[in-house]
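Structure, as structure tokens:
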Amino acid sequence: MRKIILIILDGLGDRPIEQYGGLTPLEYAFTPNMDRLAKNGICGLMDVMEGKTPESDEAHLTLFGYNLKKYYTGRGPIEALGVGMNLMRGDIALRANLASVDKNLIVIDRRAQRIRSTKEFVEAVNKMEIDGVKFFLKPGTEHRAVIVMRGENLNDKISDSDPHKVGVKVKKVRPLNESKNAKFTASVLNKFLAKSHEILNNLEINKKRIEKGLLPGNYFLTRGAGHFRPVPSFKRKYGMKACCIAGAGLYKGIGKLVGMSLINLPGATGSVRTDIRGKFIAAKKAIKKFDFVFVHVKGCDIFGHDGNFEGKRHFIEKIDKAMQVLLGIDVPIVITADHSTPCECKGHSNDPVPLLISGPGIRPDTVKNFGERYCKFGTLGKLKGKEFMKKIMEIA
């Protein structure tokens with residue numbers, strides 16, 4: 001069996017932009033290396049979640065061929081695994097944003113102005129205990145953090161405190177069923193969020209931020225509660241020894257969940273400042289030892305969420321320049337996205353994503369450029385996300 005390098009460019013897909021003459025950021029960007037791969041390979045479009053707007057964790061598991069109804073743990077446990085937290089049976093894990101709220105708990109900024117680190121904020125409330133439940137926290141990438149609840153009688157059927165938009169009040173966590181355990185879990189988490197808000201408001205770092213005219217990081221917006229459950233390993237499923245090269249905790253967590261080896265790079269931050277070239281160099285080295293190398297690059301999604309089409313276009317060009325190190329490698333290279341993040345939406349959409357497979361032994365189609373409108377004419381046609389692994393395994 002041939003080896004495979006899979007590169008997922010998070011949020012790559014977009015919609016036509018008037019300032020670009022009706023082209024998407026990918027189509028408008030100068031991408032000679034990806035165009036070369038497209039010219040020497042086969043292309044198509046992919047409907048990752050078949051009409052549903054994908055979240056990144058669901059999308060990746062779908063692309064890797066895992067049935068969500070059977071194996072999806074919720075996003076919290078995946079994030080927890082990704083930041084190196086050890087989960088025990090019965091633990092409830094949640095993802096969190098360090099946010100800025102006013103005295104009435106109205107959300108001013110869901111990411112506290114994209115604060116660089118949550119480390120000091122997390123340490124201030126870590127290991128708090130309420131009603132017999134202990135709270136463990138760990139920083140994620142930039143404004144993100146992970147919260148793990150450990151104790152008796154916990155249930156993950158609880159709602160988010162994150163309203164997912166600004167200008168509205170933080171949501172009260174509510175049980176999603178009538179069980180005593182769900183009601184207890186929601187009650188304890190609400191107490192923790194209220195207490196931690198009080199502590200965060202009085203942190204010296206927040207007082208200094210306010211003096212500088214910056215927003216305080218004074219509330220943890222929670223979402224994605226779940227409990228850990230094991231899934232069949234990637235090796236068992238496909239017979240391939242696999243590794244994961246990523247910066248953000250979620251994608252490391254997905255790799256860890258399916259049994260991939262994690263390759264940690266100092267410059268892989270999961271932000272727009274990540275060392276893309278370093279990731280591709282690491283992939284080139286890793287393919288000598290592994291059969292399947294999964295590389296995740298986050299930045300396009302961040303610029304899409306910010307509605308910054310110029311930033312997204314420039315980041316795509318940065319990716320393309322870094323991809324020079326992979327040209328000529330004797331291994332199929334697959335490039336796609338987990339979802340589209342159109343700049344006009346400032347969020348995910350169910351628009352199909354471009355897909356290319358290039359490498360030795362692949363008979364090229366007529367597509368000469370890598371872009372949404374070009375890939376639809378490729379021989380791969382329109383693929384479903386759940387068919388993705390089967391298709392690239394056939395080609396390999």
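For the structure tokens, the naming scheme is as follows: chains receive sequential letters (A, B, ...) according to their order of presentation, residues are indexed from 1 within each chain, and ligands are indexed from 1 in presentation order.
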
Range 294-300 of chain A environment, 6 Å, only C-alpha atoms, sequence neighbours closer than 6 positions dropped, as a JSON list (two decimals) with N, CA and C atoms, in the first residue's frame:
[["chain", "number", "residue", "atom", "x", "y", "z"],
["A", 6, "LEU", "N", -2.03, 13.76, 4.16],
["A", 6, "LEU", "CA", -3.30, 14.49, 4.10],
["A", 6, "LEU", "C", -3.13, 15.86, 4.76],
["A", 7, "ILE", "N", -3.42, 16.92, 4.00],
["A", 7, "ILE", "CA", -3.33, 18.28, 4.52],
["A", 7, "ILE", "C", -4.75, 18.86, 4.56],
["A", 8, "ILE", "N", -5.22, 19.15, 5.76],
["A", 8, "ILE", "CA", -6.54, 19.77, 5.92],
["A", 8, "ILE", "C", -6.34, 21.25, 6.27],
["A", 9, "LEU", "N", -6.78, 22.11, 5.36],
["A", 9, "LEU", "CA", -6.69, 23.55, 5.55],
["A", 9, "LEU", "C", -8.04, 24.03, 6.10],
["A", 10, "ASP", "N", -8.09, 24.19, 7.39],
["A", 10, "ASP", "CA", -9.32, 24.47, 8.11],
["A", 10, "ASP", "C", -10.01, 25.71, 7.56],
["A", 11, "GLY", "N", -11.30, 25.57, 7.19],
["A", 11, "GLY", "CA", -12.07, 26.72, 6.74],
["A", 11, "GLY", "C", -11.64, 27.29, 5.41],
["A", 12, "LEU", "N", -10.95, 26.51, 4.59],
["A", 12, "LEU", "CA", -10.40, 27.01, 3.32],
["A", 12, "LEU", "C", -11.47, 27.53, 2.37],
["A", 244, "CYS", "N", -0.24, 12.65, 13.59],
["A", 244, "CYS", "CA", -0.95, 13.92, 13.50],
["A", 244, "CYS", "C", 0.01, 15.06, 13.77],
["A", 245, "ILE", "N", 0.01, 16.06, 12.89],
["A", 245, "ILE", "CA", 0.82, 17.27, 13.07],
["A", 245, "ILE", "C", -0.14, 18.45, 13.11],
["A", 246, "ALA", "N", -0.34, 19.02, 14.29],
["A", 246, "ALA", "CA", -1.30, 20.10, 14.46],
["A", 246, "ALA", "C", -0.86, 21.00, 15.59],
["A", 270, "GLY", "N", -1.37, 26.72, 16.22],
["A", 270, "GLY", "CA", -2.81, 26.69, 15.98],
["A", 270, "GLY", "C", -3.39, 28.07, 15.71],
["A", 271, "SER", "N", -2.52, 29.07, 15.55],
["A", 271, "SER", "CA", -2.96, 30.43, 15.28],
["A", 271, "SER", "C", -2.50, 30.85, 13.89],
["A", 272, "VAL", "N", -2.74, 32.10, 13.53],
["A", 272, "VAL", "CA", -2.29, 32.60, 12.22],
["A", 272, "VAL", "C", -0.77, 32.78, 12.20],
["A", 312, "LYS", "N", -7.21, 36.29, 4.78],
["A", 312, "LYS", "CA", -7.36, 34.89, 4.35],
["A", 312, "LYS", "C", -6.59, 34.63, 3.06]]

Test item: residues at most 8 Å from range 39-47 of chain A, only C-alpha atoms, excluding those fewer than 2 positions along its chain, as a PyMOL selection string: chain A and resi 35-37+49-51+350-359+362-369+372+375-385

Prev. selection, C-alpha atoms, output as a JSON list (two decimals), in the first residue's frame:
[["chain", "number", "residue", "atom", "x", "y", "z"],
["A", 35, "ASP", "CA", -1.91, 24.76, -8.86],
["A", 36, "ARG", "CA", 0.98, 22.53, -9.87],
["A", 37, "LEU", "CA", -0.34, 19.76, -7.64],
["A", 49, "MET", "CA", -21.60, 16.70, 6.13],
["A", 50, "GLU", "CA", -24.18, 16.27, 3.34],
["A", 51, "GLY", "CA", -26.05, 19.55, 3.66],
["A", 350, "ASN", "CA", -22.27, 23.94, 4.27],
["A", 351, "ASP", "CA", -20.69, 25.06, 0.98],
["A", 352, "PRO", "CA", -18.68, 22.23, -0.62],
["A", 353, "VAL", "CA", -14.91, 22.33, -0.18],
["A", 354, "PRO", "CA", -12.23, 21.88, -2.86],
["A", 355, "LEU", "CA", -10.30, 18.63, -2.96],
["A", 356, "LEU", "CA", -7.17, 17.54, -4.82],
["A", 357, "ILE", "CA", -5.18, 14.31, -4.86],
["A", 358, "SER", "CA", -1.78, 14.49, -6.51],
["A", 359, "GLY", "CA", 1.15, 12.14, -6.75],
["A", 362, "ILE", "CA", -2.23, 9.34, -10.69],
["A", 363, "ARG", "CA", -3.57, 10.14, -14.15],
["A", 364, "PRO", "CA", -4.28, 13.91, -14.19],
["A", 365, "ASP", "CA", -7.63, 15.36, -15.14],
["A", 366, "THR", "CA", -8.11, 18.67, -16.98],
["A", 367, "VAL", "CA", -8.10, 20.96, -13.90],
["A", 368, "LYS", "CA", -5.15, 23.37, -13.95],
["A", 369, "ASN", "CA", -5.84, 25.49, -10.84],
["A", 372, "GLU", "CA", -13.70, 26.06, -5.76],
["A", 375, "CYS", "CA", -12.34, 21.72, -8.84],
["A", 376, "LYS", "CA", -15.98, 21.07, -9.73],
["A", 377, "PHE", "CA", -14.82, 20.07, -13.23],
["A", 378, "GLY", "CA", -12.38, 17.44, -11.89],
["A", 379, "THR", "CA", -12.81, 13.70, -12.29],
["A", 380, "LEU", "CA", -13.53, 13.20, -8.58],
["A", 381, "GLY", "CA", -16.84, 14.97, -9.12],
["A", 382, "LYS", "CA", -18.76, 15.75, -5.94],
["A", 383, "LEU", "CA", -17.82, 13.50, -3.08],
["A", 384, "LYS", "CA", -19.53, 12.97, 0.29],
["A", 385, "GLY", "CA", -17.40, 13.35, 3.39]]

Strand (DSSP E) call set, DSSP backbone run, range 84-254 of chain A, as a count of residues only: 41

For Glu123 in chain A: contacts at 12 Å, only C-alpha atoms, fewer than 3 positions along chain excluded, given as a PDB file with C-alpha atoms, in the first residue's frame:
ATOM      1  CA  SER A 117      -3.008  33.088  26.490  1.00  0.00           C
ATOM      2  CA  THR A 118      -5.448  31.973  29.187  1.00  0.00           C
ATOM      3  CA  LYS A 119      -2.719  30.582  31.462  1.00  0.00           C
ATOM      4  CA  GLU A 120      -2.950  33.141  34.302  1.00  0.00           C
ATOM      5  CA  ASN A 126      -8.035  25.690  38.751  1.00  0.00           C
ATOM      6  CA  LYS A 127      -8.906  22.857  41.172  1.00  0.00           C
ATOM      7  CA  MET A 128     -11.874  24.700  42.651  1.00  0.00           C
ATOM      8  CA  PHE A 135     -12.875  21.494  38.490  1.00  0.00           C
ATOM      9  CA  PHE A 136      -9.657  21.032  36.530  1.00  0.00           C
ATOM     10  CA  LEU A 137      -8.709  23.594  33.888  1.00  0.00           C
ATOM     11  CA  LYS A 138      -5.971  23.799  31.303  1.00  0.00           C
ATOM     12  CA  PRO A 139      -5.178  26.496  28.708  1.00  0.00           C
ATOM     13  CA  ALA A 145      -9.397  26.629  27.646  1.00  0.00           C
ATOM     14  CA  ILE A 147     -12.701  22.506  31.847  1.00  0.00           C
ATOM     15  CA  SER A 196     -14.845  32.101  38.694  1.00  0.00           C
ATOM     16  CA  ILE A 199     -12.329  35.791  40.913  1.00  0.00           C
ATOM     17  CA  LEU A 200     -11.396  36.786  37.348  1.00  0.00           C
ATOM     18  CA  LEU A 203      -7.257  39.566  38.942  1.00  0.00           C
TER      19      LEU A 203
END

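Nearest to Phe370 in chain A of all the residues A:Pro25, A:Ala268, A:Pro16, A:His339 is A:Pro25, based on only C-alpha atoms.
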
Test item: residues at most 12 Å from range 308-310 of chain A, only C-alpha atoms, excluding those fewer than 5 positions along its chain, as a ChimeraX atom specification: /A:12-20,23-29,299-303,315-317,341-347

Please produce a file of the residues just selected, as a PDB file, in the first residue's frame, where the atoms kept are N, CA and C atoms.
ATOM      1  N   LEU A  12     -10.949  26.506   4.586  1.00  0.00           N
ATOM      2  CA  LEU A  12     -10.396  27.011   3.322  1.00  0.00           C
ATOM      3  C   LEU A  12     -11.473  27.534   2.374  1.00  0.00           C
ATOM      4  N   GLY A  13     -12.574  26.814   2.264  1.00  0.00           N
ATOM      5  CA  GLY A  13     -13.604  27.163   1.293  1.00  0.00           C
ATOM      6  C   GLY A  13     -14.236  28.521   1.575  1.00  0.00           C
ATOM      7  N   ASP A  14     -14.714  29.178   0.524  1.00  0.00           N
ATOM      8  CA  ASP A  14     -15.314  30.504   0.686  1.00  0.00           C
ATOM      9  C   ASP A  14     -16.301  30.740  -0.451  1.00  0.00           C
ATOM     10  N   ARG A  15     -16.838  31.951  -0.497  1.00  0.00           N
ATOM     11  CA  ARG A  15     -17.781  32.343  -1.540  1.00  0.00           C
ATOM     12  C   ARG A  15     -17.191  33.489  -2.353  1.00  0.00           C
ATOM     13  N   PRO A  16     -17.751  33.730  -3.565  1.00  0.00           N
ATOM     14  CA  PRO A  16     -17.238  34.823  -4.403  1.00  0.00           C
ATOM     15  C   PRO A  16     -17.281  36.167  -3.679  1.00  0.00           C
ATOM     16  N   ILE A  17     -16.214  36.947  -3.845  1.00  0.00           N
ATOM     17  CA  ILE A  17     -16.082  38.238  -3.181  1.00  0.00           C
ATOM     18  C   ILE A  17     -16.006  39.328  -4.240  1.00  0.00           C
ATOM     19  N   GLU A  18     -16.864  40.320  -4.080  1.00  0.00           N
ATOM     20  CA  GLU A  18     -16.991  41.374  -5.085  1.00  0.00           C
ATOM     21  C   GLU A  18     -15.662  42.075  -5.350  1.00  0.00           C
ATOM     22  N   GLN A  19     -14.917  42.382  -4.259  1.00  0.00           N
ATOM     23  CA  GLN A  19     -13.637  43.092  -4.409  1.00  0.00           C
ATOM     24  C   GLN A  19     -12.614  42.274  -5.187  1.00  0.00           C
ATOM     25  N   TYR A  20     -12.810  40.957  -5.265  1.00  0.00           N
ATOM     26  CA  TYR A  20     -11.910  40.083  -6.004  1.00  0.00           C
ATOM     27  C   TYR A  20     -12.481  39.739  -7.387  1.00  0.00           C
ATOM     28  N   LEU A  23     -14.246  36.300  -7.413  1.00  0.00           N
ATOM     29  CA  LEU A  23     -13.439  35.131  -7.073  1.00  0.00           C
ATOM     30  C   LEU A  23     -13.427  34.933  -5.561  1.00  0.00           C
ATOM     31  N   THR A  24     -13.152  33.725  -5.133  1.00  0.00           N
ATOM     32  CA  THR A  24     -12.966  33.445  -3.706  1.00  0.00           C
ATOM     33  C   THR A  24     -11.530  33.793  -3.313  1.00  0.00           C
ATOM     34  N   PRO A  25     -11.229  33.878  -2.017  1.00  0.00           N
ATOM     35  CA  PRO A  25      -9.834  34.117  -1.612  1.00  0.00           C
ATOM     36  C   PRO A  25      -8.866  33.088  -2.177  1.00  0.00           C
ATOM     37  N   LEU A  26      -9.276  31.812  -2.240  1.00  0.00           N
ATOM     38  CA  LEU A  26      -8.408  30.775  -2.788  1.00  0.00           C
ATOM     39  C   LEU A  26      -8.196  30.976  -4.287  1.00  0.00           C
ATOM     40  N   GLU A  27      -9.259  31.304  -5.005  1.00  0.00           N
ATOM     41  CA  GLU A  27      -9.140  31.507  -6.449  1.00  0.00           C
ATOM     42  C   GLU A  27      -8.329  32.751  -6.788  1.00  0.00           C
ATOM     43  N   TYR A  28      -8.439  33.773  -5.938  1.00  0.00           N
ATOM     44  CA  TYR A  28      -7.738  35.032  -6.196  1.00  0.00           C
ATOM     45  C   TYR A  28      -6.269  34.964  -5.786  1.00  0.00           C
ATOM     46  N   ALA A  29      -5.965  34.129  -4.801  1.00  0.00           N
ATOM     47  CA  ALA A  29      -4.604  34.041  -4.271  1.00  0.00           C
ATOM     48  C   ALA A  29      -3.626  33.509  -5.322  1.00  0.00           C
ATOM     49  N   GLY A 299      -5.258  28.635  10.124  1.00  0.00           N
ATOM     50  CA  GLY A 299      -5.409  30.067   9.897  1.00  0.00           C
ATOM     51  C   GLY A 299      -6.541  30.537   9.001  1.00  0.00           C
ATOM     52  N   CYS A 300      -6.842  29.812   7.908  1.00  0.00           N
ATOM     53  CA  CYS A 300      -7.906  30.256   6.998  1.00  0.00           C
ATOM     54  C   CYS A 300      -9.230  30.405   7.739  1.00  0.00           C
ATOM     55  N   ASP A 301      -9.495  29.489   8.648  1.00  0.00           N
ATOM     56  CA  ASP A 301     -10.741  29.526   9.417  1.00  0.00           C
ATOM     57  C   ASP A 301     -10.809  30.772  10.300  1.00  0.00           C
ATOM     58  N   ILE A 302      -9.683  31.149  10.893  1.00  0.00           N
ATOM     59  CA  ILE A 302      -9.647  32.317  11.777  1.00  0.00           C
ATOM     60  C   ILE A 302      -9.966  33.587  10.993  1.00  0.00           C
ATOM     61  N   PHE A 303      -9.325  33.740   9.837  1.00  0.00           N
ATOM     62  CA  PHE A 303      -9.589  34.923   9.015  1.00  0.00           C
ATOM     63  C   PHE A 303     -11.028  34.928   8.498  1.00  0.00           C
ATOM     64  N   PHE A 315      -2.919  34.501   3.805  1.00  0.00           N
ATOM     65  CA  PHE A 315      -2.553  33.283   4.533  1.00  0.00           C
ATOM     66  C   PHE A 315      -2.515  32.088   3.582  1.00  0.00           C
ATOM     67  N   ILE A 316      -3.437  32.038   2.644  1.00  0.00           N
ATOM     68  CA  ILE A 316      -3.421  30.972   1.640  1.00  0.00           C
ATOM     69  C   ILE A 316      -2.125  31.033   0.824  1.00  0.00           C
ATOM     70  N   GLU A 317      -1.688  32.225   0.478  1.00  0.00           N
ATOM     71  CA  GLU A 317      -0.431  32.387  -0.258  1.00  0.00           C
ATOM     72  C   GLU A 317       0.764  31.948   0.596  1.00  0.00           C
ATOM     73  N   THR A 341     -15.478  28.444   5.494  1.00  0.00           N
ATOM     74  CA  THR A 341     -15.740  29.549   6.419  1.00  0.00           C
ATOM     75  C   THR A 341     -15.770  30.839   5.596  1.00  0.00           C
ATOM     76  N   PRO A 342     -16.890  31.115   4.939  1.00  0.00           N
ATOM     77  CA  PRO A 342     -16.968  32.303   4.084  1.00  0.00           C
ATOM     78  C   PRO A 342     -16.804  33.593   4.884  1.00  0.00           C
ATOM     79  N   CYS A 343     -16.024  34.501   4.339  1.00  0.00           N
ATOM     80  CA  CYS A 343     -15.802  35.782   5.024  1.00  0.00           C
ATOM     81  C   CYS A 343     -17.093  36.570   5.197  1.00  0.00           C
ATOM     82  N   GLU A 344     -18.025  36.422   4.253  1.00  0.00           N
ATOM     83  CA  GLU A 344     -19.282  37.158   4.365  1.00  0.00           C
ATOM     84  C   GLU A 344     -20.149  36.626   5.502  1.00  0.00           C
ATOM     85  N   CYS A 345     -19.966  35.373   5.872  1.00  0.00           N
ATOM     86  CA  CYS A 345     -20.754  34.758   6.948  1.00  0.00           C
ATOM     87  C   CYS A 345     -20.123  34.957   8.321  1.00  0.00           C
ATOM     88  N   LYS A 346     -18.788  35.078   8.330  1.00  0.00           N
ATOM     89  CA  LYS A 346     -18.031  35.095   9.586  1.00  0.00           C
ATOM     90  C   LYS A 346     -18.344  33.845  10.421  1.00  0.00           C
ATOM     91  N   GLY A 347     -18.510  32.742   9.736  1.00  0.00           N
ATOM     92  CA  GLY A 347     -18.804  31.474  10.400  1.00  0.00           C
ATOM     93  C   GLY A 347     -18.769  30.344   9.391  1.00  0.00           C
TER      94      GLY A 347
END

Distance query range 171-185 of chain A at most 7 Å, only C-alpha atoms, self and fewer than 5 positions along chain excluded, as an MDAnalysis selection string: chainID A and resid 153:163 190

All helix (DSSP H, G or I) residues (DSSP, backbone) inside range 109-312 of chain A, as a ChimeraX atom specification: /A:119-125,180-201,204-211,234-238,249-257,276-286,299-305,309-312

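Counting only C-alpha atoms, Glu198 in chain A has the following residues at most 10 Å away, ignoring those fewer than 5 positions along the same chain: Phe192, Leu193, Leu203, Asn218 and Tyr219 of chain A.
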
Spatial neighbours of Asn67 in chain A, 12 Å, only C-alpha atoms, chain gap at least 4 places, as a list in words: Met49, Glu58, Ala59, His60, Leu61, Thr62, Leu63, Tyr71, Tyr72, Thr73, Val231, Pro232, Gly385, Lys386 and Glu387 of chain A

Residue nearest Val125 in chain A - candidates A:Lys195, A:Lys241, A:Arg229, A:Ile395, atoms counted: only C-alpha atoms: A:Lys195
